[in-house]
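Here the structure is laid out as structure tokens; the discussion comes afterwards.
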Amino acid sequence: MKRVVIYFIGIIIIIFLIPIICTSRDKETSAKVNNVVNEVPILENNYDYKGYKKIKLLHTKDSSIEEISLDEYLYGVVSAEMPANFEEEALKAQAVVARTYTIYKIKNNNNKHGEAQICDNSECCQAWISKEDRLARWNESERDKNWKKIVNAVDSTQGKIITYNNEPIDAFFHSNSGGKTEVPVNVWGGSGFPYLQVVETTGEENYSQYASEVTISKDELERKMKEKYNDFLIDYSDPNCIKILEYTESGRIKTIKIGNKNVSGVEVRSIFNLKSANFNILINESNIKFEVKGYGHGVGMSQTGADSLAKQGKTFEDILCHFYKDVEIKNM
Ligand SMILES: [Zn+2]
């Protein structure tokens with residue numbers, strides 16, 4: 001009888017307790033599994049730059065995996081993600097962001113790319129372009145100068161990453177903030193990014209990415225909304241048929257009423273292919289016009305903001321500490 005009771009208690013422990021332990025440690029454990037599989041040392045307080053000397057990059061076009069040095073990979077990321085005519089300090093900031101993002105992804109991708117550690121798709125990881133393709137896209141007269149700038153941005157910041165509480169941050173970045181960055185909760189929900197706050201940057205209005213417009217017919221609006229919500233209805237004779245209900249702290253649309261639906265600004269951005277969730281709506285006789293400010297999700301470093309700050313004499317460290325709060329720039 002005693003034996004039966006002990007077995008019974010044992011089974012209860014296995015069924016209930018072990019999943020609780022696993023769930024609470026899930027993230028950490030899978031990061032470690034990832035590191036073991038890829039034979040990359042786990043990041044502790046001391047970052048091992050040599051441990052990340054080579055990374056396995058997935059080329060999404062042909063699903064091939066290339067083993068490439070971290071610095072060489074970063075040349076390809078910086079030159080794909082930021083125009084080479086941006087200020088040197090902005091390019092350096094981008095290099096540190098790209099390096100931090102890479103280490104964060106390797107640590108937290110949980111074997112998303114199988115054998116590979118990161119991919120070359122900007123929608124998933126970071127954009128990447130080969131040196132050959134990059135040079136071919138620049139005018140011959142600029143090739144040498146541009147490439148040297150990119151290489152210098154990566155080499156002069158070698159091993160530097162952005163940390164918060166001694167851990168690499170999830171270094172989000174975007175094209176143009178429209179003047180103010182956004183907090184992640186308003187874009188993806190969730191929480192846990194104390195270093196990503198709303199910050200203001202001057203000078204972003206001087207870039208072509210700052211302002212854009214999308215005009216669609218009333219019928220098209222109805223069609224696109226119905227693709228998403230099949231019970232969508234709108235009565236254009238009602239002056240309140242489209243009405244902004246709430247803004248986020250950064251001035252983007254939080255909730256908007258369109259016909260019989262309340263939708264988020266982020267959703268409207270996706271449905272109507274707007275450059276950001278910071279917009280105004282004008283209803284004309286037969287058209288709907290979206291006047292949009294900024295380009296991208298708005299979280300983390302704004303690239304044109306970084307360039308604007310560099311033009312104002314700021315260093316890459318100043319720029320990074322402007323966009324990411326209470327962080328440290330550390331050597332890996
Ligand atoms: Zn990816």
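Please note that chains go A, B, ... in the order of the structure tokens, that every chain numbers its residues from 1, and that ligands are numbered from 1 in the order shown.
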
Neighbouring residues of Asp133 in chain A were defined as those with any atom within 12 Å, considering only C-alpha atoms; residues of the same chain fewer than 5 positions away were excluded. Please report them as a PyMOL selection string.
chain A and resi 76+79-80+128+138+143+147

Could you report the residues within 8 Å of ligand 1, using only C-alpha atoms and all ligand atoms, as a list in words?
Leu58, Lys112, His113, Ile118, Cys119, Asp120, Asn121, Ser122, Glu123, Cys124, Cys125 and Gln126 of chain A

Tell me, which residues of range 41-273 of chain A carry DSSP alpha helix (DSSP H), written as a ChimeraX atom specification?
/A:70-81,88-108,131-137,140-155,185-188,218-228,265-271

Do a neighbour search on Ala310 in chain A at 7 Å with only C-alpha atoms, toss out local chain neighbours closer than 6 positions, and write the hits as a ChimeraX atom specification.
/A:87,89-90

Pick from A:Tyr164, A:Phe86, A:Tyr52, A:Tyr210, whichever lies nearest to Ser69 in chain A using only C-alpha atoms
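Checking each of A:Tyr164, A:Phe86, A:Tyr52, A:Tyr210 against Ser69 in chain A, counting only C-alpha atoms, the winner is A:Tyr52.
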
Within 12 Å of range 234-242 of chain A, which residues of range 106-224 of chain A show up? Give each one with its shortest atom-to-atom distance in Å (one decimal) and the two atoms involved, counting only C-alpha atoms, rows by chain then rising residue number, as JSON lines.
```
{"residue": "A:Ser217", "atom": "CA", "partner": "A:Tyr236", "partner_atom": "CA", "distance": 11.9}
{"residue": "A:Lys218", "atom": "CA", "partner": "A:Tyr236", "partner_atom": "CA", "distance": 8.4}
{"residue": "A:Asp219", "atom": "CA", "partner": "A:Ile234", "partner_atom": "CA", "distance": 10.3}
{"residue": "A:Leu221", "atom": "CA", "partner": "A:Ile234", "partner_atom": "CA", "distance": 9.7}
{"residue": "A:Glu222", "atom": "CA", "partner": "A:Ile234", "partner_atom": "CA", "distance": 7.5}
{"residue": "A:Arg223", "atom": "CA", "partner": "A:Ile234", "partner_atom": "CA", "distance": 10.9}
```

Next, write the just-selected residues to a file, as a PDB file, in the first residue's frame, keeping N, CA and C atoms as the atom set.
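Contents of selection03.pdb, as written:
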```pdb
ATOM      1  N   SER A 217     -10.168  54.632 -53.761  1.00  0.00           N
ATOM      2  CA  SER A 217     -11.592  54.956 -53.953  1.00  0.00           C
ATOM      3  C   SER A 217     -12.385  54.393 -52.776  1.00  0.00           C
ATOM      4  N   LYS A 218     -13.584  54.907 -52.597  1.00  0.00           N
ATOM      5  CA  LYS A 218     -14.448  54.413 -51.510  1.00  0.00           C
ATOM      6  C   LYS A 218     -14.753  52.928 -51.699  1.00  0.00           C
ATOM      7  N   ASP A 219     -14.923  52.530 -52.966  1.00  0.00           N
ATOM      8  CA  ASP A 219     -15.205  51.114 -53.249  1.00  0.00           C
ATOM      9  C   ASP A 219     -14.030  50.231 -52.848  1.00  0.00           C
ATOM     10  N   LEU A 221     -11.795  50.882 -50.577  1.00  0.00           N
ATOM     11  CA  LEU A 221     -11.725  50.785 -49.108  1.00  0.00           C
ATOM     12  C   LEU A 221     -12.663  49.676 -48.621  1.00  0.00           C
ATOM     13  N   GLU A 222     -13.867  49.678 -49.186  1.00  0.00           N
ATOM     14  CA  GLU A 222     -14.861  48.683 -48.792  1.00  0.00           C
ATOM     15  C   GLU A 222     -14.382  47.265 -49.131  1.00  0.00           C
ATOM     16  N   ARG A 223     -13.829  47.129 -50.322  1.00  0.00           N
ATOM     17  CA  ARG A 223     -13.354  45.810 -50.774  1.00  0.00           C
ATOM     18  C   ARG A 223     -12.222  45.304 -49.861  1.00  0.00           C
TER      19      ARG A 223
END
```

Counting only C-alpha atoms, which residues of range 53-101 of chain A fall within 12 Å of range 320-332 of chain A, and what is the closest atom pair for each with its distance in Å at one decimal, ordered by chain and rising number, as CSV?
```
residue,atom,partner,partner_atom,distance
A:Lys53,CA,A:Met332,CA,11.3
A:Glu89,CA,A:Leu320,CA,10.3
A:Ala90,CA,A:Leu320,CA,9.4
A:Leu91,CA,A:Leu320,CA,11.4
A:Lys92,CA,A:Leu320,CA,9.8
A:Ala93,CA,A:Leu320,CA,6.3
A:Gln94,CA,A:Leu320,CA,9.0
A:Ala95,CA,A:Leu320,CA,10.9
A:Val96,CA,A:Leu320,CA,8.6
A:Val97,CA,A:Leu320,CA,8.2
A:Ala98,CA,A:Leu320,CA,11.9
A:Arg99,CA,A:Met332,CA,10.0
A:Thr100,CA,A:Met332,CA,9.6
```

All strand (DSSP E) residues (DSSP, backbone) inside range 164-305 of chain A, as a PyMOL selection string:
chain A and resi 164+167-168+173-174+211-217+242-247+253-258+261-264+279-283+287-293+301-302

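Taking CA of Lys107 in chain A as the reference point, CA of Val154 in chain A is found at 20.8 Å.
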
Which residue, A:Leu233, A:Ala127, A:Ile216, A:Phe173, has the smallest gap to Leu196 in chain A when you use only C-alpha atoms?
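When distances to Leu196 in chain A are compared using only C-alpha atoms, the smallest one comes from A:Phe173.
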
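If you count only C-alpha atoms and ignore residues fewer than 5 places along the chain from Glu205 in chain A, what sits within 8 Å of it is Gly178, Gly179, Tyr210 and Ala211 of chain A.
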
Name the residues in contact with Val151 in chain A at a cut-off of 12 Å, using only C-alpha atoms, excluding same-chain residues fewer than 5 positions from it; report them as a list in words.
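With the cut-off at 12 Å, the set is Asp71, Glu72, Tyr73, Leu74, Tyr75, Gly76, Val77, Val78, Ser79, Ala84, Glu88, Leu91, Lys92, Ala95, Lys131, Asp144, Lys145, Asn146, Ser156, Thr157 and Gln158 of chain A.
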
CA of Phe290 in chain A sits from CA of Val214 in chain A at a separation of 5.1 Å

Neighbours of Thr304 in chain A within 7 Å (only C-alpha atoms; same-chain residues fewer than 2 positions away dropped), as a list in words?
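So the residues in contact are Ser175, Asn176, Glu204, Tyr207, Ser302, Ala306, Asp307 and Ser308 of chain A.
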
For the residues in that selection, give me N, CA and C atoms as a PDB file, in the first residue's frame.
```pdb
ATOM      1  N   SER A 175      12.959  52.996 -40.579  1.00  0.00           N
ATOM      2  CA  SER A 175      13.476  54.005 -41.500  1.00  0.00           C
ATOM      3  C   SER A 175      13.330  55.447 -40.989  1.00  0.00           C
ATOM      4  N   ASN A 176      12.093  55.859 -40.676  1.00  0.00           N
ATOM      5  CA  ASN A 176      11.856  57.260 -40.274  1.00  0.00           C
ATOM      6  C   ASN A 176      10.751  57.284 -39.228  1.00  0.00           C
ATOM      7  N   GLU A 204      13.960  64.936 -38.831  1.00  0.00           N
ATOM      8  CA  GLU A 204      13.516  63.806 -39.658  1.00  0.00           C
ATOM      9  C   GLU A 204      12.641  64.255 -40.833  1.00  0.00           C
ATOM     10  N   TYR A 207      13.800  64.385 -44.710  1.00  0.00           N
ATOM     11  CA  TYR A 207      14.068  63.189 -45.517  1.00  0.00           C
ATOM     12  C   TYR A 207      12.830  62.787 -46.316  1.00  0.00           C
ATOM     13  N   SER A 302      15.614  55.171 -35.332  1.00  0.00           N
ATOM     14  CA  SER A 302      15.203  55.651 -36.643  1.00  0.00           C
ATOM     15  C   SER A 302      16.482  55.917 -37.442  1.00  0.00           C
ATOM     16  N   ALA A 306      18.981  58.905 -36.983  1.00  0.00           N
ATOM     17  CA  ALA A 306      20.403  58.705 -36.678  1.00  0.00           C
ATOM     18  C   ALA A 306      21.253  59.612 -37.567  1.00  0.00           C
ATOM     19  N   ASP A 307      20.891  59.676 -38.846  1.00  0.00           N
ATOM     20  CA  ASP A 307      21.648  60.528 -39.776  1.00  0.00           C
ATOM     21  C   ASP A 307      21.494  62.003 -39.409  1.00  0.00           C
ATOM     22  N   SER A 308      20.271  62.359 -39.024  1.00  0.00           N
ATOM     23  CA  SER A 308      20.000  63.745 -38.634  1.00  0.00           C
ATOM     24  C   SER A 308      20.814  64.122 -37.388  1.00  0.00           C
TER      25      SER A 308
END
```

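The smallest atom-to-atom distance between Ile271 in chain A and any of A:Lys224, A:Lys149, A:Arg137, A:Lys54, using only C-alpha atoms, is found for A:Lys224.
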
Neighbour list for Arg252 in chain A as an MDAnalysis selection string, cut-off 9 Å, only C-alpha atoms, skip fewer than 4 positions in-chain
chainID A and resid 182 246:248 265:266 276:279

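Relative to CA of Gly251 in chain A, CA of Val263 in chain A is found at 16.1 Å.
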